[in-house]
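**Student:** To be precise about what I am sending: the file is called my_file-v8.txt and holds compact mmCIF, C-alpha atoms and all ligand atoms.
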```
# COMPACT_ATOMS: atom_id res chain seq x y z
CA MET A 11 -4.54 72.00 -166.17
CA GLN A 12 -6.19 73.54 -169.22
CA PHE A 13 -4.51 76.02 -171.57
CA ASP A 14 -5.61 77.80 -174.70
CA VAL A 15 -2.27 76.97 -176.33
CA VAL A 16 0.62 74.70 -175.40
CA ILE A 17 3.81 75.70 -177.20
CA VAL A 18 6.31 72.86 -177.49
CA GLY A 19 9.86 74.24 -177.66
CA GLY A 20 11.31 77.41 -176.18
CA GLY A 21 13.80 78.54 -178.82
CA PRO A 22 13.35 81.81 -180.75
CA ALA A 23 10.18 80.57 -182.48
CA GLY A 24 8.46 79.36 -179.32
CA LEU A 25 9.49 82.36 -177.21
CA GLN A 26 8.26 84.87 -179.79
CA ALA A 27 5.00 82.94 -180.20
CA ALA A 28 4.51 82.99 -176.42
CA LEU A 29 4.97 86.76 -176.41
CA THR A 30 2.47 87.28 -179.22
CA LEU A 31 -0.13 84.94 -177.72
CA GLY A 32 0.49 86.31 -174.21
CA ARG A 33 -0.18 89.85 -175.43
CA ALA A 34 -3.33 88.52 -177.12
CA ARG A 35 -4.58 87.43 -173.67
CA LYS A 36 -4.46 83.72 -174.36
CA ARG A 37 -3.60 81.31 -171.57
CA VAL A 38 -0.30 79.83 -172.73
CA LEU A 39 2.06 77.13 -171.52
CA LEU A 40 5.54 77.19 -173.05
CA CYS A 41 7.32 73.85 -172.55
CA ASP A 42 11.01 73.56 -173.20
CA ALA A 43 13.16 70.63 -172.20
CA GLY A 44 16.42 71.46 -173.96
CA PRO A 45 18.99 70.98 -175.29
CA ARG A 46 18.77 73.74 -177.88
CA ARG A 47 19.91 73.10 -181.42
CA ASN A 48 22.75 75.64 -181.33
CA ALA A 49 23.91 74.30 -177.94
CA ALA A 50 27.57 74.27 -179.00
CA ALA A 51 27.55 77.87 -180.22
CA VAL A 52 29.00 80.43 -177.82
CA HIS A 53 27.66 83.49 -179.62
CA MET A 54 24.71 84.12 -181.87
CA HIS A 55 25.20 86.47 -184.80
CA ASN A 56 23.12 88.25 -187.41
CA PHE A 57 20.15 89.02 -185.15
CA LEU A 58 19.18 92.68 -185.04
CA THR A 59 20.17 94.28 -181.67
CA ARG A 60 21.54 90.92 -180.44
CA ASP A 61 24.60 90.37 -182.65
CA GLY A 62 27.16 88.48 -180.56
CA THR A 63 24.77 87.67 -177.71
CA ALA A 64 25.06 84.19 -176.16
CA PRO A 65 22.08 82.05 -177.24
CA ALA A 66 21.30 81.31 -173.58
CA GLU A 67 21.19 85.03 -172.85
CA LEU A 68 18.70 85.64 -175.68
CA ARG A 69 16.44 83.02 -174.15
CA ALA A 70 16.92 84.46 -170.64
CA ILE A 71 15.96 87.99 -171.76
CA ALA A 72 12.89 86.63 -173.56
CA ARG A 73 11.78 84.68 -170.49
CA GLN A 74 12.35 87.70 -168.25
CA GLN A 75 10.11 89.83 -170.48
CA LEU A 76 7.50 87.05 -170.72
CA ALA A 77 7.37 86.86 -166.92
CA THR A 78 5.38 90.12 -166.87
CA TYR A 79 2.48 88.32 -168.60
CA SER A 80 0.73 86.35 -165.87
CA ASN A 81 -1.24 84.40 -168.50
CA VAL A 82 2.00 82.82 -169.83
CA GLU A 83 3.44 79.91 -167.85
CA PHE A 84 6.63 77.91 -168.30
CA GLY A 85 7.18 74.17 -168.15
CA SER A 86 10.50 72.37 -168.22
CA SER A 87 9.21 68.87 -168.93
CA ALA A 88 9.85 67.06 -172.17
CA ILE A 89 6.57 66.57 -173.98
CA THR A 90 6.45 62.86 -174.69
CA SER A 91 3.31 62.70 -176.84
CA ILE A 92 0.25 64.62 -177.96
CA THR A 93 -3.16 63.02 -178.33
CA GLY A 94 -6.72 64.26 -178.81
CA ALA A 95 -8.06 66.63 -181.43
CA ARG A 96 -8.61 70.32 -182.23
CA GLY A 97 -10.14 72.02 -179.18
CA ALA A 98 -9.26 69.17 -176.80
CA PHE A 99 -5.65 68.03 -177.03
CA GLN A 100 -3.88 66.10 -174.29
CA VAL A 101 -0.23 66.91 -173.90
CA HIS A 102 1.63 64.13 -172.11
CA THR A 103 4.66 64.75 -169.90
CA PRO A 104 6.39 62.52 -167.34
CA GLU A 105 4.65 64.62 -164.66
CA GLY A 106 1.13 64.33 -166.00
CA VAL A 107 -1.31 65.33 -168.73
CA ILE A 108 -2.09 68.92 -169.75
CA GLY A 109 -5.15 70.02 -171.71
CA ALA A 110 -4.86 72.42 -174.64
CA ARG A 111 -7.22 73.88 -177.23
CA ARG A 112 -4.39 74.33 -179.73
CA ILE A 113 -0.79 73.13 -180.07
CA LEU A 114 2.10 75.10 -181.53
CA LEU A 115 5.16 73.01 -182.35
CA CYS A 116 8.44 74.94 -182.21
CA THR A 117 10.72 71.99 -181.60
CA GLY A 118 13.51 72.83 -184.05
CA MET A 119 15.38 70.04 -185.83
CA VAL A 120 18.00 67.50 -184.79
CA ASP A 121 21.25 67.70 -186.79
CA GLU A 122 22.87 64.42 -187.72
CA PRO A 123 26.52 65.09 -188.64
CA PRO A 124 28.05 62.31 -190.79
CA PRO A 125 30.07 59.62 -188.99
CA ILE A 126 33.49 61.00 -189.92
CA GLU A 127 36.00 60.51 -187.10
CA GLY A 128 36.50 63.72 -185.13
CA LEU A 129 33.66 65.64 -186.79
CA ARG A 130 30.93 65.43 -184.15
CA GLU A 131 33.21 66.89 -181.46
CA LEU A 132 33.75 70.02 -183.59
CA TRP A 133 30.10 70.44 -184.63
CA GLY A 134 28.88 73.93 -183.76
CA THR A 135 32.33 75.41 -183.17
CA SER A 136 34.57 74.94 -186.20
CA VAL A 137 32.29 72.68 -188.22
CA VAL A 138 29.20 74.78 -188.87
CA GLN A 139 26.36 75.34 -191.32
CA CYS A 140 25.88 79.01 -191.88
CA PRO A 141 28.43 81.59 -193.07
CA TYR A 142 26.00 84.42 -192.22
CA CYS A 143 26.14 83.22 -188.60
CA HIS A 144 29.84 82.36 -188.33
CA GLY A 145 31.69 83.73 -191.36
CA TRP A 146 32.77 87.19 -190.22
CA GLU A 147 34.78 85.91 -187.25
CA VAL A 148 36.88 83.58 -189.42
CA GLN A 149 37.15 85.64 -192.59
CA ASP A 150 40.21 84.99 -194.75
CA ARG A 151 41.09 81.82 -192.84
CA ARG A 152 41.33 78.41 -194.54
CA TRP A 153 37.74 77.40 -195.30
CA GLY A 154 36.32 74.11 -196.47
CA TYR A 155 32.91 72.92 -197.57
CA LEU A 156 32.09 69.29 -196.91
CA ALA A 157 29.67 67.97 -199.53
CA LEU A 158 27.37 65.16 -198.50
CA PRO A 159 25.50 62.73 -200.76
CA GLY A 160 22.46 64.31 -202.40
CA ALA A 161 23.76 67.88 -202.07
CA ALA A 162 24.88 68.34 -205.68
CA ALA A 163 22.28 70.98 -206.69
CA HIS A 164 23.41 73.79 -204.40
CA LEU A 165 27.09 72.82 -204.15
CA VAL A 166 28.59 75.10 -206.76
CA PRO A 167 26.71 78.33 -205.93
CA PHE A 168 27.10 77.79 -202.17
CA THR A 169 30.81 77.01 -202.27
CA THR A 170 31.47 79.85 -204.67
CA MET A 171 29.59 82.20 -202.34
CA LEU A 172 32.00 81.28 -199.53
CA ARG A 173 34.70 83.08 -201.53
CA GLY A 174 33.08 86.32 -200.40
CA TRP A 175 34.49 85.64 -196.94
CA SER A 176 37.80 83.96 -197.77
CA ARG A 177 40.26 83.66 -200.62
CA ASP A 178 41.15 80.15 -199.41
CA VAL A 179 38.18 77.84 -200.01
CA THR A 180 38.30 74.10 -200.69
CA LEU A 181 35.37 71.92 -201.66
CA PHE A 182 35.67 68.38 -200.26
CA THR A 183 33.38 66.01 -202.12
CA GLY A 184 34.55 63.03 -200.04
CA ALA A 185 34.15 60.77 -203.09
CA ALA A 186 30.39 61.01 -202.38
CA VAL A 187 29.34 63.58 -204.96
CA ASP A 188 30.10 63.57 -208.67
CA LEU A 189 30.44 67.15 -209.91
CA PRO A 190 29.75 67.78 -213.60
CA ALA A 191 32.51 69.39 -215.69
CA GLU A 192 30.60 72.68 -215.89
CA GLY A 193 30.46 72.92 -212.10
CA ARG A 194 34.15 72.14 -211.78
CA ALA A 195 34.92 74.89 -214.29
CA THR A 196 32.82 77.42 -212.35
CA LEU A 197 34.64 76.53 -209.13
CA ALA A 198 38.07 76.72 -210.79
CA ALA A 199 37.26 80.11 -212.29
CA ALA A 200 36.26 81.36 -208.83
CA GLY A 201 39.50 80.06 -207.32
CA VAL A 202 37.84 77.30 -205.27
CA LYS A 203 40.07 74.26 -204.80
CA LEU A 204 38.54 70.81 -205.23
CA GLU A 205 39.42 67.65 -203.27
CA THR A 206 37.55 64.57 -204.46
CA ALA A 207 39.19 61.84 -202.34
CA ALA A 208 37.31 60.12 -199.53
CA ILE A 209 37.72 61.72 -196.11
CA THR A 210 39.07 59.47 -193.37
CA ARG A 211 38.91 61.89 -190.41
CA VAL A 212 39.17 65.48 -189.32
CA LEU A 213 41.93 66.58 -186.98
CA ALA A 214 41.70 69.13 -184.21
CA GLN A 215 44.21 71.20 -182.30
CA ASP A 216 43.31 72.97 -179.06
CA GLY A 217 39.67 72.06 -179.61
CA ARG A 218 39.46 73.61 -183.07
CA LEU A 219 39.60 72.11 -186.55
CA ALA A 220 43.15 71.90 -187.92
CA ALA A 221 43.02 69.64 -190.99
CA VAL A 222 40.95 67.27 -193.09
CA GLU A 223 42.66 63.93 -193.70
CA LEU A 224 42.01 62.23 -197.03
CA ALA A 225 42.28 58.58 -198.07
CA GLY A 226 45.98 57.83 -198.52
CA GLY A 227 46.87 60.01 -195.52
CA ARG A 228 47.25 63.41 -197.15
CA ARG A 229 46.15 66.26 -194.86
CA VAL A 230 44.63 69.53 -196.04
CA ALA A 231 44.99 72.34 -193.49
CA CYS A 232 41.59 73.81 -192.68
CA ASP A 233 40.35 76.23 -189.99
CA VAL A 234 36.62 76.02 -190.54
CA LEU A 235 34.43 73.51 -192.34
CA PHE A 236 30.90 74.26 -193.52
CA SER A 237 28.40 71.51 -194.18
CA HIS A 238 24.68 70.81 -194.28
CA PRO A 239 24.19 67.44 -192.62
CA PRO A 240 20.81 65.71 -192.68
CA GLN A 241 18.31 66.76 -190.05
CA ARG A 242 15.42 64.92 -188.49
CA GLN A 243 12.28 65.83 -186.58
CA VAL A 244 12.17 65.19 -182.83
CA ASP A 245 10.29 62.07 -181.73
CA VAL A 246 7.16 63.85 -180.50
CA VAL A 247 6.69 65.43 -183.94
CA ARG A 248 7.45 62.21 -185.81
CA ALA A 249 4.85 60.35 -183.75
CA LEU A 250 2.13 62.81 -184.82
CA GLY A 251 2.36 61.61 -188.42
CA LEU A 252 2.15 65.14 -189.86
CA ALA A 253 2.53 65.71 -193.59
CA LEU A 254 6.17 66.47 -194.38
CA ASP A 255 7.80 67.92 -197.47
CA PRO A 256 10.34 65.83 -199.46
CA GLU A 257 13.18 67.10 -197.24
CA GLY A 258 11.39 66.06 -194.05
CA PHE A 259 10.19 69.48 -192.90
CA VAL A 260 6.66 69.88 -191.54
CA ARG A 261 4.48 71.09 -194.38
CA VAL A 262 2.74 74.43 -193.66
CA GLU A 263 1.54 77.46 -195.58
CA PRO A 264 3.70 80.53 -194.79
CA LEU A 265 0.77 82.72 -193.71
CA ARG A 266 -1.34 79.98 -192.15
CA PRO A 267 1.08 77.56 -190.55
CA GLU A 268 -1.43 74.93 -189.48
CA THR A 269 -0.11 71.42 -190.06
CA SER A 270 -2.02 68.59 -191.72
CA VAL A 271 -3.57 67.86 -188.29
CA PRO A 272 -6.26 70.48 -187.53
CA GLY A 273 -5.41 72.56 -184.45
CA ILE A 274 -1.69 71.76 -184.52
CA TYR A 275 0.48 74.59 -185.82
CA ALA A 276 4.24 74.66 -186.46
CA ALA A 277 6.88 77.40 -186.71
CA GLY A 278 10.63 77.72 -186.95
CA ASP A 279 13.37 75.35 -188.06
CA LEU A 280 11.13 72.28 -188.15
CA THR A 281 9.29 73.75 -191.14
CA THR A 282 12.12 75.03 -193.34
CA ARG A 283 15.74 74.88 -194.52
CA GLY A 284 15.77 78.67 -194.13
CA GLN A 285 17.13 78.41 -190.61
CA ALA A 286 18.23 81.37 -188.51
CA ALA A 287 17.19 82.65 -185.12
CA ILE A 288 15.54 85.80 -186.43
CA LEU A 289 13.65 83.85 -189.11
CA ALA A 290 12.41 81.39 -186.47
CA ALA A 291 11.27 84.26 -184.26
CA ALA A 292 9.41 85.86 -187.18
CA ALA A 293 7.77 82.55 -188.01
CA GLY A 294 6.75 82.20 -184.36
CA MET A 295 4.92 85.51 -184.48
CA LEU A 296 3.17 84.66 -187.76
CA ALA A 297 2.01 81.30 -186.47
CA ALA A 298 0.84 82.78 -183.18
CA ALA A 299 -1.17 85.47 -184.99
CA ALA A 300 -2.80 82.96 -187.37
CA LEU A 301 -3.59 80.61 -184.52
CA ASN A 302 -4.95 83.46 -182.39
CA THR A 303 -7.36 84.63 -185.10
CA GLU A 304 -8.79 81.20 -185.63
CA LEU A 305 -8.97 80.36 -181.89
CA THR A 306 -10.52 83.69 -180.91
CA MET A 307 -13.22 83.26 -183.56
CA GLN A 308 -14.12 79.91 -182.05
CA LEU A 309 -14.04 81.17 -178.45
CA ALA A 310 -16.21 84.16 -179.33
CA ALA A 311 -18.70 82.07 -181.32
CA GLU A 312 -19.04 79.63 -178.42
CA GLY A 313 -19.49 82.42 -175.87
CA HIS A 314 -16.27 81.73 -173.96
CA ILE A 315 -15.07 85.35 -174.24
C1 LIG B 401 25.74 75.37 -184.19
C2 LIG B 401 24.69 76.34 -184.62
C3 LIG B 401 24.94 77.71 -184.56
C4 LIG B 401 23.98 78.62 -184.96
N1 LIG B 401 24.27 79.95 -184.94
C5 LIG B 401 23.32 80.83 -185.32
C6 LIG B 401 23.61 82.24 -185.32
O1 LIG B 401 24.72 82.67 -184.97
N2 LIG B 401 22.62 83.08 -185.74
C7 LIG B 401 21.40 82.63 -186.14
O2 LIG B 401 20.55 83.44 -186.49
N3 LIG B 401 21.12 81.32 -186.16
C8 LIG B 401 22.05 80.42 -185.76
N4 LIG B 401 21.77 79.08 -185.79
C9 LIG B 401 20.42 78.65 -186.20
C10 LIG B 401 19.45 78.88 -185.03
O3 LIG B 401 19.99 78.34 -183.84
C11 LIG B 401 18.12 78.22 -185.33
O4 LIG B 401 17.65 78.64 -186.61
C12 LIG B 401 17.10 78.61 -184.27
O5 LIG B 401 17.54 78.26 -182.98
C13 LIG B 401 15.78 77.91 -184.58
O6 LIG B 401 14.85 78.26 -183.60
P1 LIG B 401 13.63 77.32 -183.25
O7 LIG B 401 12.88 78.03 -182.19
O8 LIG B 401 12.93 76.91 -184.49
O9 LIG B 401 14.28 75.97 -182.66
P2 LIG B 401 15.35 75.72 -181.53
O10 LIG B 401 16.12 76.96 -181.21
O11 LIG B 401 16.11 74.52 -181.97
O12 LIG B 401 14.49 75.39 -180.25
C14 LIG B 401 13.72 74.22 -180.17
C15 LIG B 401 13.54 73.89 -178.70
O13 LIG B 401 12.54 72.87 -178.57
C16 LIG B 401 12.91 72.02 -177.52
N5 LIG B 401 12.21 70.74 -177.64
C17 LIG B 401 12.34 69.84 -178.65
N6 LIG B 401 11.54 68.79 -178.41
C18 LIG B 401 10.91 69.04 -177.24
C19 LIG B 401 9.96 68.30 -176.47
N7 LIG B 401 9.52 67.08 -176.85
N8 LIG B 401 9.51 68.83 -175.29
C20 LIG B 401 9.95 70.06 -174.89
N9 LIG B 401 10.87 70.79 -175.58
C21 LIG B 401 11.34 70.28 -176.75
C22 LIG B 401 14.42 71.89 -177.71
O14 LIG B 401 15.03 71.44 -176.54
C23 LIG B 401 14.81 73.33 -178.05
O15 LIG B 401 15.10 74.06 -176.87
C24 LIG B 401 22.72 78.14 -185.40
C25 LIG B 401 22.46 76.78 -185.47
C26 LIG B 401 23.43 75.87 -185.09
C27 LIG B 401 23.14 74.40 -185.17
```
Show the structure stored in the file as structure tokens.
**Tutor:**
Amino acid sequence: MQFDVVIVGGGPAGLQAALTLGRARKRVLLCDAGPRRNAAAVHMHNFLTRDGTAPAELRAIARQQLATYSNVEFGSSAITSITGARGAFQVHTPEGVIGARRILLCTGMVDEPPPIEGLRELWGTSVVQCPYCHGWEVQDRRWGYLALPGAAAHLVPFTTMLRGWSRDVTLFTGAAVDLPAEGRATLAAAGVKLETAAITRVLAQDGRLAAVELAGGRRVACDVLFSHPPQRQVDVVRALGLALDPEGFVRVEPLRPETSVPGIYAAGDLTTRGQAAILAAAAGMLAAAALNTELTMQLAAEGHI
């Protein structure tokens, strides 16, 4: 099988890229093996015309609309590796090898919540990352922000911003982050409470967060906990040895998202901390358009079209 473009990952970035490339008459294979990054989320918010839609429904609508483009095909195999070079890539799956002129990586990121007892089970429901995605539904409840080592720079502005959604905000530093006096003063002035003791576990009731337990046994009642745990690239991306930025995101130029390997492009969460479904979809279109220009020039010059 030979395709113009194989897109790896069928989240918002990959689906939008498939639409753009499909409409540009390229032969496209979109491979998605799941699970999606927001698998635990029941509803997706802050996406124009789709506020409150289930993430699976967004994907289903996109696939339904893509089905009208006969030059776009779907694969459900996990891509295990990518070899070859610009113009002649081999995409390896458990079912066989697929040829591709270009690759577009839209594989998202893998979240790695810290090993605090009880936390992983609540990830994506009442332990979440983004107040723009989840804040409205839990406004004025008891909010916490869990600071993780290395997060000091954005801690004060981010936690203070949470006050826009709730009067009851606590910053838990878990004894892992040392806040300077100036930061503490800013938080105090904004009415943000500070807990600096180590966290022993989080407690749930009826499947939702109920409290954060601190060293010594004291419990702080909490309905929702925000945090930004470390993220890593999926294995197939790691194996490509692409240039990454200091935070581990694939390094690309915004308007020409080709990676450090010629012919391999990337779009969506795997390239940025600015992570939201609509941003990933927009990045998917940009990458598809840049890739399409460059690929069409080559195809035309070589007399293929
Ligand atoms: C819990 C949670 C809730 C969220 N809620 C919201 C919200 O309400 N609103 C919002 O705008 N954003 C939300 N987000 C962020 C949003 O989900 C992401 O920004 C968005 O999904 C990123 O899209 P993407 O296409 O880059 O990657 P993803 O959506 O992560 O899609 C990547 C896809 O690639 C597939 N894949 C990976 N490796 C391979 C491989 N080797 N072979 C084949 N397929 C592969 C994965 O299975 C996955 O389906 C949430 C995130 C989380 C974690």
**Student:** Counting all atoms listed in the file, which residue out of A:Val38, A:Cys232, A:Ala43, A:Val18 sits closest to Tyr79 of chain A?
**Tutor:**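 When distances to Tyr79 of chain A are compared using all atoms listed in the file, the smallest one comes from A:Val38.
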**Student:** One decimal, Å: what's the distance from atom CA of Thr30 of chain A over to atom CA of Asn302 of chain A, could you say?
**Tutor:**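 Those two atoms sit 8.9 Å apart.
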**Student:** Do you know which residues lie at most 8 Å from (8.5, 83.9, -175.0), with coordinates as in the file and only C-alpha atoms counted, and could you write them as a PyMOL selection string?
**Tutor:** chain A and resi 20+22+24-29+40+72-73+75-76
**Student:** I'd like a table as a Markdown table: residues in chain A with an atom no more than 6 Å from ligand LIG 401 (chain B), each row giving the shortest atom pair and its distance in Å to one decimal, all atoms listed in the file counted, sorted by chain and rising residue number.
**Tutor:**
```
| residue | atom | partner | partner_atom | distance |
| --- | --- | --- | --- | --- |
| A:Val18 | CA | B:LIG401 | C20 | 5.3 |
| A:Gly19 | CA | B:LIG401 | O13 | 3.1 |
| A:Gly20 | CA | B:LIG401 | C15 | 4.9 |
| A:Gly21 | CA | B:LIG401 | O12 | 3.5 |
| A:Pro22 | CA | B:LIG401 | O7 | 4.1 |
| A:Ala23 | CA | B:LIG401 | O7 | 3.7 |
| A:Gly24 | CA | B:LIG401 | O7 | 5.4 |
| A:Cys41 | CA | B:LIG401 | C20 | 5.2 |
| A:Asp42 | CA | B:LIG401 | N9 | 3.7 |
| A:Ala43 | CA | B:LIG401 | N9 | 4.1 |
| A:Gly44 | CA | B:LIG401 | O14 | 2.9 |
| A:Pro45 | CA | B:LIG401 | O14 | 4.2 |
| A:Arg46 | CA | B:LIG401 | O15 | 3.8 |
| A:Arg47 | CA | B:LIG401 | O11 | 4.1 |
| A:Asn48 | CA | B:LIG401 | C26 | 3.8 |
| A:Ala50 | CA | B:LIG401 | C1 | 5.6 |
| A:Ala51 | CA | B:LIG401 | C1 | 5.0 |
| A:Met54 | CA | B:LIG401 | O1 | 3.4 |
| A:His55 | CA | B:LIG401 | O1 | 3.8 |
| A:Asn56 | CA | B:LIG401 | N2 | 5.5 |
| A:Phe57 | CA | B:LIG401 | O2 | 5.8 |
| A:Ala88 | CA | B:LIG401 | N8 | 3.6 |
| A:Ile89 | CA | B:LIG401 | N8 | 3.9 |
| A:Thr90 | CA | B:LIG401 | N7 | 5.6 |
| A:Cys116 | CA | B:LIG401 | O8 | 5.4 |
| A:Thr117 | CA | B:LIG401 | O13 | 3.6 |
| A:Gly118 | CA | B:LIG401 | O9 | 3.5 |
| A:Met119 | CA | B:LIG401 | O11 | 6.0 |
| A:Gly134 | CA | B:LIG401 | C1 | 3.5 |
| A:Val138 | CA | B:LIG401 | C1 | 5.8 |
| A:Cys143 | CA | B:LIG401 | O1 | 3.9 |
| A:Val244 | CA | B:LIG401 | N6 | 5.7 |
| A:Val246 | CA | B:LIG401 | N7 | 5.4 |
| A:Gly278 | CA | B:LIG401 | O8 | 3.5 |
| A:Asp279 | CA | B:LIG401 | O8 | 3.9 |
| A:Gln285 | CA | B:LIG401 | O4 | 4.0 |
| A:Ala286 | CA | B:LIG401 | O4 | 3.4 |
| A:Ala287 | CA | B:LIG401 | O2 | 3.7 |
| A:Ile288 | CA | B:LIG401 | O2 | 5.5 |
| A:Ala290 | CA | B:LIG401 | O6 | 4.9 |
```
**Student:** Between A:Arg248, A:Arg218, A:Arg151, A:Arg228, which residue has the minimum interatomic distance to Val137 of chain A, considering all atoms listed in the file?
**Tutor:**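 Using all atoms listed in the file, the shortest distance to Val137 of chain A belongs to A:Arg218.
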**Student:** Could you tell me which of A:Gln74, A:Val222, A:Val16, A:Asp61 comes closest to Leu235 of chain A if we count all atoms listed in the file?
**Tutor:**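 The shortest atom-to-atom distance to Leu235 of chain A comes from A:Val222.
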**Student:** For Glu127 of chain A, which residue out of A:Gln139, A:Thr269, A:Ser237, A:Thr210 is the nearest one, using all atoms listed in the file?
**Tutor:** A:Thr210
**Student:** Determine the axis-aligned bounding box of all atoms of segment 95-110 of chain A present in the file, pad each side by 8 Å, and express its centre and edge lengths in Å to one decimal place as JSON.
**Tutor:**
```
{"center_x": -1.9, "center_y": 67.5, "center_z": -173.4, "size_x": 32.5, "size_y": 25.9, "size_z": 33.6}
```
**Student:** If we count all atoms listed in the file, what is near Thr170 of chain A at a cut-off of 12 Å, once residues fewer than 4 positions away on the same chain are taken out, given as number ranges by chain?
**Tutor:** A: 153-155, 164-166, 174-181, 193-204
